[in-house]
$ cat my_file.txt   # compact mmCIF, C-alpha atoms and all ligand atoms
# COMPACT_ATOMS: atom_id res chain seq x y z
CA MET A 1 82.07 -88.98 -122.99
CA SER A 2 80.29 -86.38 -125.09
CA ASN A 3 80.82 -82.82 -124.02
CA ILE A 4 77.07 -82.25 -123.98
CA ALA A 5 75.29 -83.96 -121.10
CA ILE A 6 71.76 -82.75 -121.85
CA HIS A 7 70.24 -81.65 -125.11
CA THR A 8 66.60 -80.76 -125.50
CA ASP A 9 64.85 -79.83 -128.70
CA ALA A 10 61.61 -77.82 -128.41
CA LEU A 11 60.73 -79.98 -125.40
CA THR A 12 57.10 -79.42 -124.43
CA ARG A 13 54.81 -80.92 -121.81
CA ASP A 14 51.15 -80.13 -121.35
CA PHE A 15 48.95 -81.09 -118.43
CA LYS A 16 45.43 -80.66 -119.80
CA ASN A 17 45.26 -76.94 -120.44
CA ILE A 18 48.53 -76.07 -118.65
CA ARG A 19 51.71 -75.92 -120.71
CA ALA A 20 54.23 -76.71 -117.96
CA VAL A 21 57.27 -76.82 -120.28
CA ASN A 22 57.04 -74.82 -123.47
CA GLU A 23 59.35 -75.58 -126.42
CA VAL A 24 62.53 -75.59 -124.37
CA THR A 25 65.68 -75.98 -126.46
CA LEU A 26 68.72 -76.25 -124.24
CA GLU A 27 72.24 -77.65 -124.07
CA VAL A 28 73.98 -78.43 -120.81
CA PRO A 29 77.73 -79.08 -121.15
CA SER A 30 79.25 -81.99 -119.23
CA GLY A 31 81.07 -81.42 -115.97
CA ILE A 32 79.36 -78.23 -114.86
CA VAL A 33 76.69 -77.30 -112.36
CA PHE A 34 73.78 -76.00 -114.42
CA GLY A 35 71.22 -73.96 -112.53
CA PHE A 36 67.61 -74.08 -113.69
CA LEU A 37 66.17 -70.99 -112.18
CA GLY A 38 62.54 -69.98 -112.05
CA PRO A 39 59.69 -68.91 -109.77
CA ASN A 40 57.17 -71.35 -108.28
CA GLY A 41 55.22 -73.27 -110.88
CA SER A 42 57.49 -72.29 -113.75
CA GLY A 43 58.15 -75.88 -114.88
CA LYS A 44 61.43 -76.80 -113.18
CA THR A 45 60.34 -80.10 -111.63
CA THR A 46 58.46 -81.09 -114.77
CA MET A 47 61.67 -80.53 -116.73
CA ILE A 48 63.62 -82.89 -114.42
CA ARG A 49 60.92 -85.52 -114.73
CA LEU A 50 61.04 -85.23 -118.52
CA LEU A 51 64.84 -85.52 -118.53
CA LEU A 52 64.75 -88.64 -116.37
CA GLY A 53 62.14 -90.18 -118.65
CA LEU A 54 59.58 -90.24 -115.82
CA LEU A 55 57.20 -88.19 -117.97
CA GLU A 56 56.73 -88.28 -121.72
CA PRO A 57 56.97 -85.03 -123.65
CA SER A 58 53.82 -83.85 -125.42
CA THR A 59 56.04 -82.74 -128.30
CA GLY A 60 59.75 -82.22 -128.84
CA SER A 61 62.55 -84.47 -127.62
CA ALA A 62 65.50 -84.72 -125.26
CA LYS A 63 68.76 -86.60 -125.09
CA VAL A 64 70.44 -87.14 -121.77
CA LEU A 65 73.99 -88.56 -121.69
CA GLY A 66 73.42 -89.38 -125.35
CA PHE A 67 70.24 -91.41 -124.68
CA ASP A 68 66.74 -90.62 -125.87
CA THR A 69 64.47 -89.94 -122.88
CA MET A 70 61.51 -91.67 -124.58
CA LYS A 71 63.26 -94.85 -125.68
CA GLN A 72 66.25 -95.24 -123.35
CA ALA A 73 65.11 -93.95 -119.97
CA ASP A 74 66.58 -97.00 -118.16
CA GLU A 75 70.04 -96.17 -119.53
CA ILE A 76 69.66 -92.59 -118.32
CA ARG A 77 68.46 -93.59 -114.87
CA ALA A 78 71.29 -96.11 -114.44
CA ARG A 79 73.81 -93.32 -114.98
CA SER A 80 72.05 -90.57 -113.04
CA GLY A 81 71.49 -89.74 -109.41
CA ALA A 82 68.48 -87.73 -108.31
CA LEU A 83 67.38 -85.87 -105.25
CA LEU A 84 63.79 -84.89 -105.90
CA GLU A 85 61.03 -83.73 -103.59
CA PHE A 86 61.37 -86.67 -101.19
CA ASN A 87 64.80 -87.42 -99.82
CA GLY A 88 64.33 -91.18 -100.13
CA LEU A 89 65.81 -91.88 -96.69
CA TYR A 90 64.56 -94.47 -94.22
CA GLU A 91 64.15 -92.62 -90.95
CA ARG A 92 64.37 -95.74 -88.81
CA LEU A 93 67.68 -96.82 -90.28
CA SER A 94 71.09 -95.40 -89.46
CA ALA A 95 72.89 -93.25 -92.02
CA GLU A 96 75.25 -96.08 -92.85
CA ASP A 97 72.44 -98.62 -93.21
CA ASN A 98 70.54 -96.25 -95.48
CA LEU A 99 73.52 -96.07 -97.82
CA GLU A 100 74.13 -99.82 -97.48
CA PHE A 101 70.58 -100.42 -98.59
CA TYR A 102 70.91 -98.19 -101.65
CA GLY A 103 74.33 -99.65 -102.46
CA LYS A 104 72.70 -103.07 -102.64
CA VAL A 105 69.89 -101.70 -104.79
CA TRP A 106 72.58 -100.46 -107.19
CA LYS A 107 74.23 -103.90 -106.95
CA MET A 108 77.53 -102.44 -105.82
CA PRO A 109 80.00 -105.12 -104.63
CA ALA A 110 80.41 -105.21 -100.80
CA GLN A 111 83.95 -103.82 -100.66
CA GLU A 112 83.23 -101.02 -103.13
CA ARG A 113 80.06 -100.17 -101.22
CA LYS A 114 81.96 -99.95 -97.95
CA GLU A 115 84.66 -97.71 -99.38
CA ARG A 116 82.23 -95.44 -101.18
CA ILE A 117 80.03 -95.02 -98.10
CA LYS A 118 83.04 -94.06 -96.01
CA GLU A 119 84.24 -91.65 -98.68
CA LEU A 120 80.89 -89.86 -98.99
CA LEU A 121 80.08 -89.72 -95.28
CA THR A 122 83.56 -88.40 -94.54
CA HIS A 123 83.17 -85.80 -97.24
CA MET A 124 79.87 -84.66 -95.76
CA ASN A 125 81.29 -84.63 -92.23
CA LEU A 126 78.84 -87.33 -91.20
CA TRP A 127 81.18 -90.28 -90.73
CA ASP A 128 81.28 -89.99 -86.94
CA ARG A 129 77.47 -89.99 -86.84
CA ARG A 130 77.01 -92.91 -89.24
CA GLY A 131 75.46 -95.21 -86.61
CA GLU A 132 72.70 -92.78 -85.61
CA LYS A 133 69.10 -93.17 -86.70
CA VAL A 134 68.39 -90.67 -89.46
CA GLY A 135 64.95 -89.84 -88.02
CA ASN A 136 66.62 -87.86 -85.23
CA TRP A 137 68.77 -85.81 -87.56
CA SER A 138 68.34 -82.15 -88.55
CA ARG A 139 67.04 -81.34 -92.03
CA GLY A 140 70.47 -80.14 -93.10
CA MET A 141 72.12 -83.43 -92.09
CA LYS A 142 69.38 -85.42 -93.81
CA GLN A 143 69.83 -83.42 -96.99
CA LYS A 144 73.58 -84.08 -96.96
CA LEU A 145 72.89 -87.77 -96.55
CA ALA A 146 70.33 -87.63 -99.34
CA VAL A 147 72.93 -86.08 -101.66
CA SER A 148 75.32 -88.89 -100.66
CA ARG A 149 72.58 -91.37 -101.46
CA ALA A 150 72.13 -89.84 -104.90
CA MET A 151 75.90 -89.89 -105.54
CA LEU A 152 76.51 -93.39 -104.21
CA HIS A 153 76.80 -95.25 -107.52
CA ARG A 154 79.09 -92.56 -108.99
CA PRO A 155 76.54 -91.24 -111.49
CA SER A 156 77.82 -89.03 -114.28
CA LEU A 157 74.76 -86.80 -113.94
CA LEU A 158 73.09 -85.59 -110.77
CA PHE A 159 69.63 -84.00 -110.63
CA LEU A 160 68.96 -81.88 -107.58
CA ASP A 161 65.49 -80.39 -107.20
CA GLU A 162 65.78 -77.42 -104.83
CA PRO A 163 68.29 -79.19 -102.58
CA THR A 164 68.46 -76.43 -99.96
CA ALA A 165 64.71 -75.68 -99.76
CA GLY A 166 63.60 -75.53 -96.15
CA LEU A 167 67.13 -75.36 -94.71
CA ASP A 168 68.24 -72.49 -92.50
CA PRO A 169 70.91 -70.22 -94.03
CA ILE A 170 73.77 -71.93 -92.19
CA ALA A 171 72.71 -75.45 -93.13
CA ALA A 172 72.05 -74.31 -96.72
CA SER A 173 75.46 -72.73 -97.00
CA GLY A 174 77.13 -75.84 -95.51
CA LEU A 175 75.37 -78.07 -98.01
CA ARG A 176 76.37 -75.77 -100.88
CA ASP A 177 80.02 -75.91 -99.82
CA ASP A 178 79.94 -79.70 -99.58
CA LEU A 179 78.18 -79.97 -102.91
CA ASP A 180 80.64 -77.66 -104.58
CA ARG A 181 83.63 -79.71 -103.37
CA LEU A 182 81.99 -83.01 -104.20
CA VAL A 183 81.07 -81.93 -107.71
CA LYS A 184 84.58 -80.62 -108.35
CA SER A 185 86.29 -83.74 -107.03
CA GLU A 186 84.03 -86.15 -108.94
CA GLY A 187 83.60 -84.23 -112.19
CA VAL A 188 79.86 -84.94 -112.24
CA THR A 189 77.40 -82.84 -114.25
CA VAL A 190 74.69 -81.35 -112.06
CA PHE A 191 71.26 -80.14 -113.12
CA LEU A 192 70.05 -78.13 -110.16
CA THR A 193 66.72 -76.37 -109.88
CA THR A 194 66.39 -73.47 -107.54
CA HIS A 195 64.64 -70.19 -106.95
CA ASN A 196 67.50 -69.16 -104.74
CA LEU A 197 69.66 -66.72 -106.63
CA VAL A 198 72.51 -66.80 -104.13
CA GLU A 199 72.68 -70.53 -104.67
CA ALA A 200 72.77 -70.11 -108.44
CA GLU A 201 75.57 -67.55 -108.22
CA ARG A 202 77.55 -69.61 -105.75
CA LEU A 203 77.38 -72.95 -107.54
CA CYS A 204 76.49 -72.60 -111.20
CA LYS A 205 78.70 -72.08 -114.23
CA LYS A 206 75.65 -71.71 -116.40
CA VAL A 207 72.09 -70.78 -115.60
CA GLY A 208 68.87 -71.16 -117.53
CA VAL A 209 65.96 -68.97 -116.50
CA ILE A 210 62.49 -70.41 -116.97
CA ASN A 211 59.23 -68.57 -116.57
CA LYS A 212 55.79 -70.04 -117.27
CA GLY A 213 57.44 -73.00 -118.97
CA LYS A 214 59.49 -70.90 -121.38
CA LEU A 215 63.25 -70.66 -121.30
CA ILE A 216 63.85 -66.93 -121.33
CA ALA A 217 67.62 -66.66 -120.83
CA VAL A 218 70.70 -68.87 -120.67
CA GLY A 219 74.23 -67.90 -119.69
CA HIS A 220 76.84 -67.55 -116.98
CA PRO A 221 75.38 -65.70 -113.97
CA ASP A 222 77.76 -62.80 -114.78
CA GLU A 223 76.47 -62.62 -118.35
CA LEU A 224 72.88 -62.56 -117.18
CA ARG A 225 73.69 -59.82 -114.72
CA ALA A 226 75.43 -57.83 -117.42
CA ARG A 227 72.58 -58.33 -119.86
CA THR A 228 70.06 -56.70 -117.58
CA GLY A 229 70.54 -53.91 -115.13
CA SER A 230 73.06 -51.16 -115.76
CA PRO A 231 76.37 -50.89 -113.88
CA GLN A 232 76.21 -48.66 -110.84
CA VAL A 233 78.71 -46.49 -109.02
CA GLU A 234 78.32 -45.35 -105.44
CA ILE A 235 80.24 -42.24 -104.53
CA VAL A 236 80.75 -41.27 -100.91
CA GLY A 237 81.86 -37.71 -100.15
CA ARG A 238 80.80 -34.12 -99.50
CA GLY A 239 79.72 -31.01 -101.34
CA PHE A 240 77.35 -32.70 -103.75
CA ASN A 241 75.41 -29.50 -104.49
CA ASP A 242 73.25 -28.54 -107.48
CA ILE A 243 76.28 -27.62 -109.58
CA VAL A 244 77.87 -31.03 -108.99
CA MET A 245 74.57 -32.80 -109.63
CA SER A 246 73.93 -31.03 -112.91
CA SER A 247 77.49 -31.64 -114.06
CA ILE A 248 76.97 -35.37 -113.40
CA ARG A 249 73.59 -35.42 -115.16
CA SER A 250 75.04 -33.78 -118.26
CA ARG A 251 77.58 -36.55 -118.82
CA PRO A 252 76.77 -38.90 -121.70
CA GLU A 253 77.67 -42.10 -119.79
CA VAL A 254 75.24 -41.30 -116.95
CA ALA A 255 71.77 -42.86 -117.15
CA SER A 256 70.54 -41.54 -113.80
CA VAL A 257 71.78 -40.13 -110.50
CA GLU A 258 70.25 -40.20 -107.06
CA MET A 259 71.36 -38.85 -103.69
CA MET A 260 70.93 -41.51 -100.97
CA ASN A 261 71.93 -40.28 -97.51
CA ASP A 262 75.54 -39.21 -97.95
CA ARG A 263 76.05 -41.22 -101.13
CA LEU A 264 75.51 -40.56 -104.76
CA VAL A 265 74.21 -43.57 -106.62
CA VAL A 266 74.94 -43.19 -110.31
CA SER A 267 73.61 -45.63 -112.91
CA LEU A 268 75.81 -45.77 -115.94
CA ASN A 269 75.11 -46.80 -119.47
CA LYS A 270 76.58 -50.17 -120.40
CA ASP A 271 80.41 -50.44 -120.58
CA ALA A 272 80.92 -46.86 -119.39
CA ALA A 273 84.17 -45.97 -117.57
CA THR A 274 84.03 -44.08 -114.28
CA SER A 275 87.21 -41.98 -114.55
CA GLY A 276 85.57 -39.08 -116.45
CA LEU A 277 82.72 -38.98 -113.99
CA VAL A 278 85.06 -38.78 -111.01
CA SER A 279 87.06 -35.89 -112.48
CA ALA A 280 83.85 -34.04 -113.43
CA ILE A 281 82.64 -34.21 -109.81
CA VAL A 282 85.97 -32.93 -108.51
CA SER A 283 86.10 -30.10 -111.11
CA ALA A 284 82.59 -29.01 -110.09
CA GLY A 285 83.76 -28.73 -106.45
CA GLY A 286 82.66 -32.08 -105.00
CA GLU A 287 84.91 -33.93 -102.53
CA ILE A 288 85.20 -37.67 -103.03
CA GLU A 289 86.10 -40.07 -100.24
CA GLU A 290 85.26 -43.36 -101.85
CA VAL A 291 84.07 -44.72 -105.17
CA ARG A 292 82.46 -48.16 -105.22
CA LYS A 293 81.68 -49.83 -108.49
CA GLY A 294 78.95 -52.44 -108.45
CA THR A 295 76.89 -54.40 -110.89
CA ALA A 296 73.28 -55.34 -110.69
CA SER A 297 72.83 -58.50 -108.64
CA LEU A 298 71.54 -61.65 -110.27
CA GLU A 299 68.37 -60.93 -108.33
CA ASP A 300 67.98 -57.58 -110.11
CA ALA A 301 68.56 -59.31 -113.42
CA PHE A 302 66.13 -62.09 -112.57
CA LEU A 303 63.38 -59.68 -111.53
CA ALA A 304 63.93 -57.60 -114.66
CA MET A 305 63.57 -60.73 -116.81
CA MET A 306 60.36 -61.70 -115.04
CA GLU A 307 58.95 -58.18 -115.57
CA VAL A 308 59.70 -58.26 -119.29
CA GLU A 309 57.81 -61.54 -119.51
CA GLU A 310 54.76 -60.31 -117.60
N1 LIG B 1 51.07 -83.96 -112.66
C1 LIG B 1 50.58 -82.74 -112.92
N2 LIG B 1 49.30 -82.56 -113.27
C2 LIG B 1 48.80 -81.35 -113.57
N3 LIG B 1 49.53 -80.22 -113.55
C3 LIG B 1 50.82 -80.32 -113.21
C4 LIG B 1 51.42 -81.59 -112.88
N4 LIG B 1 52.74 -81.38 -112.61
C5 LIG B 1 52.95 -80.05 -112.74
N5 LIG B 1 51.81 -79.42 -113.11
C6 LIG B 1 51.66 -77.98 -113.38
O1 LIG B 1 52.72 -77.57 -114.24
C7 LIG B 1 53.23 -76.30 -113.87
C8 LIG B 1 54.72 -76.42 -113.56
O2 LIG B 1 54.91 -77.18 -112.37
P1 LIG B 1 56.33 -77.59 -111.81
O3 LIG B 1 56.10 -78.43 -110.60
O4 LIG B 1 57.14 -78.16 -112.90
O5 LIG B 1 56.93 -76.15 -111.40
P2 LIG B 1 58.20 -75.79 -110.52
O6 LIG B 1 58.91 -74.72 -111.24
O7 LIG B 1 58.96 -77.02 -110.19
O8 LIG B 1 57.52 -75.20 -109.21
P3 LIG B 1 58.05 -75.10 -107.69
O9 LIG B 1 59.22 -74.18 -107.69
O10 LIG B 1 56.88 -74.53 -106.98
O11 LIG B 1 58.39 -76.51 -107.26
C9 LIG B 1 52.39 -75.86 -112.68
O12 LIG B 1 51.36 -75.03 -113.16
C10 LIG B 1 51.84 -77.15 -112.11
O13 LIG B 1 50.62 -76.94 -111.46
$ encode --input "my_file.txt" --output "C-alpha cells" --more "lines below"
Ligand SMILES: Nc1ncnc2c1ncn2[C@@H]1O[C@H](COP(=O)(O)OP(=O)(O)OP(=O)(O)O)[C@@H](O)[C@H]1O
Amino acid sequence: MSNIAIHTDALTRDFKNIRAVNEVTLEVPSGIVFGFLGPNGSGKTTMIRLLLGLLEPSTGSAKVLGFDTMKQADEIRARSGALLEFNGLYERLSAEDNLEFYGKVWKMPAQERKERIKELLTHMNLWDRRGEKVGNWSRGMKQKLAVSRAMLHRPSLLFLDEPTAGLDPIAASGLRDDLDRLVKSEGVTVFLTTHNLVEAERLCKKVGVINKGKLIAVGHPDELRARTGSPQVEIVGRGFNDIVMSSIRSRPEVASVEMMNDRLVVSLNKDAATSGLVSAIVSAGGEIEEVRKGTASLEDAFLAMMEVEE
C-alpha cells in the first residue's frame, strides 16, 4: 500500500458564484487520523464529496488510495467507509440486523459477516444491546453503530463528517475513545472533518485548516499551536510590585506581562527559556510559589489563523 492515502492537486469546486474548495493541494499519509478543521461553510463536506468522487472538481485533481476520483470513483468507494450527514441506519431494525443488511450489501460471506459484526459491536460496547431496535437508542449509541456500519467491510480509508456533532460531551468523548482504539487496532486511515478543536487534538496526528475553501495551514496540532500564539508562563506568588514588574518588562524574552488576580501572566517570545525570568523576579524581591508553563491552545491558534484570513 502506498504511504500516501490522499493526494489532491489544486483541487477546486465552484457552485455557481461560490468557490467551496479553492485550489487545495494536500497529502494525507496512510494510517493516520487526519483532521480537516474549519468553521461552518468552509468547504469540509464538499471536500469529502470530491474525494469520494460524488462531486466532480471544477478544476484540479485528486487521487485517493491511488485512484483518480474522476475516473475510478467505484474503486475508491469499494475501499472506503463513510459516515456523512445521515447515519444510514434503519431505525426499525435492530443493531445487528442493520449491520447484517450492510454486510450483505457489501457481499460479505455469512460467517465473515457474523464474526465482523460481533467484533465491532463488542468493541463499541453494544453487543449486549444488539437485538434492540435502533430507533429507541440515544444519539451517541446510534453514532457508534453508524461508525461500525462504515467500518464493516474493513475499508482502508474512513471518512467521518463531524462524527460527534450533536452529541453531549460524555457521548462525544466515549465515541472518540472508541474511534481512537478502533483506528489503532485496524490501521485504517481516517479523514475526519470537525470544528471541534478538542476532537482534533485528541484524535489527529495531522490537521489541515480550511477557511473559505482555502487550505491555510497543515501540520501536527502541536506544530500549529507553536506556529501561532506565543508560549506563556503563569507565575503565582507575592510581592509583584512596580519594581518586579519593570524588571520583568525589561527582559528581552518577554513580549508582554499582565497581573491577573494573584498571578502574573507573562507571554514570551518564541523558544524563550523561563529560568532567567524566574531569577530576575526573585532578585527584584518577588516571592514565587509556582511557575506554570503553558502553550497557546489549538483554539487560540485556530482563531489567530482565522483572523489573519479575515
Ligand atoms: N450543492 C451545493 N450547491 C450550492 N452551494 C453549495 C453546495 N454544497 C455546498 N455549497 C456551498 O459551499 C460552501 C461550503 O460548504 P460545505 O458544506 O462544504 O462546508 P462545511 O465546511 O462542510 O460546513 P459545515 O461545517 O457547516 O457543515 C458553502 O458556502 C455552501 O453553501
$ residues_near_ligand --input "my_file.txt" --ligand "ligand LIG 1 (chain B)" --cutoff "9 Å" --atoms "all atoms listed in the file" --output "PyMOL selection string"
chain A and resi 13-21+37-49+85+161-162+193-195+210-213
$ closest_residue --input "my_file.txt" --among "A:Leu224, A:Ala78, A:Ala304, A:Ile235" --to "A:Leu158" --atoms "all atoms listed in the file"
A:Ala78
$ atom_distance --input "my_file.txt" --atom1 "atom CA of A:Phe34" --atom2 "atom CA of A:Gly208"
7.6 Å
$ atom_distance --input "my_file.txt" --atom1 "atom CA of A:Lys205" --atom2 "atom CA of A:Gly187"
13.3 Å
$ residues_around --input "my_file.txt" --residues "A:Val147" --least-positions-apart "3" --cutoff "10 Å" --atoms "only C-alpha atoms" --output "ChimeraX atom specification"
/A:81-83,87,120,124,141-144,150-152,158-160,163,175,178-179,182
$ write_last_selection --input "my_file.txt" --atoms "C-alpha atoms" --output "mmCIF file, in the coordinates of the input"
data_model
loop_
_atom_site.group_PDB
_atom_site.id
_atom_site.type_symbol
_atom_site.label_atom_id
_atom_site.label_comp_id
_atom_site.auth_asym_id
_atom_site.auth_seq_id
_atom_site.Cartn_x
_atom_site.Cartn_y
_atom_site.Cartn_z
ATOM 1 C CA GLY A 81 71.490 -89.740 -109.410
ATOM 2 C CA ALA A 82 68.480 -87.730 -108.310
ATOM 3 C CA LEU A 83 67.380 -85.870 -105.250
ATOM 4 C CA ASN A 87 64.800 -87.420 -99.820
ATOM 5 C CA LEU A 120 80.890 -89.860 -98.990
ATOM 6 C CA MET A 124 79.870 -84.660 -95.760
ATOM 7 C CA MET A 141 72.120 -83.430 -92.090
ATOM 8 C CA LYS A 142 69.380 -85.420 -93.810
ATOM 9 C CA GLN A 143 69.830 -83.420 -96.990
ATOM 10 C CA LYS A 144 73.580 -84.080 -96.960
ATOM 11 C CA ALA A 150 72.130 -89.840 -104.900
ATOM 12 C CA MET A 151 75.900 -89.890 -105.540
ATOM 13 C CA LEU A 152 76.510 -93.390 -104.210
ATOM 14 C CA LEU A 158 73.090 -85.590 -110.770
ATOM 15 C CA PHE A 159 69.630 -84.000 -110.630
ATOM 16 C CA LEU A 160 68.960 -81.880 -107.580
ATOM 17 C CA PRO A 163 68.290 -79.190 -102.580
ATOM 18 C CA LEU A 175 75.370 -78.070 -98.010
ATOM 19 C CA ASP A 178 79.940 -79.700 -99.580
ATOM 20 C CA LEU A 179 78.180 -79.970 -102.910
ATOM 21 C CA LEU A 182 81.990 -83.010 -104.200
#
$ residues_around --input "my_file.txt" --residues "A:Thr25" --least-positions-apart "5" --cutoff "7 Å" --atoms "all atoms listed in the file" --output "PyMOL selection string"
chain A and resi 8-11
$ closest_residue --input "my_file.txt" --among "A:Arg139, A:Arg154, A:Arg225, A:Lys184" --to "A:Asp168" --atoms "only C-alpha atoms"
A:Arg139
$ atom_distance --input "my_file.txt" --atom1 "atom CA of A:Glu299" --atom2 "atom CA of A:Gly219"
14.6 Å
$ closest_residue --input "my_file.txt" --among "A:Glu100, A:Glu223, A:Glu119, A:Asp262" --to "A:Arg238" --atoms "all atoms listed in the file"
A:Asp262
$ closest_residue --input "my_file.txt" --among "A:Val209, A:Val257, A:Leu99, A:Leu192" --to "A:Glu115" --atoms "all atoms listed in the file"
A:Leu99
$ residues_near_point --input "my_file.txt" --point "(73.5, -40.2, -103.0)" --cutoff "9 Å" --atoms "only C-alpha atoms" --output "number ranges by chain"
A: 234-236, 240, 257-266
$ closest_residue --input "my_file.txt" --among "A:Arg176, A:Arg249, A:Arg113, A:Arg202" --to "A:Glu96" --atoms "only C-alpha atoms"
A:Arg113
$ closest_residue --input "my_file.txt" --among "A:Leu51, A:Ile281, A:Leu298, A:Ala146" --to "A:Val198" --atoms "only C-alpha atoms"
A:Leu298
$ axis_aligned_box --input "my_file.txt" --around "stretch 12-19 of chain A" --padding-each-side "8 Å" --output "JSON"
{"center_x": 51.2, "center_y": -78.5, "center_z": -121.4, "size_x": 27.8, "size_y": 21.2, "size_z": 22.0}
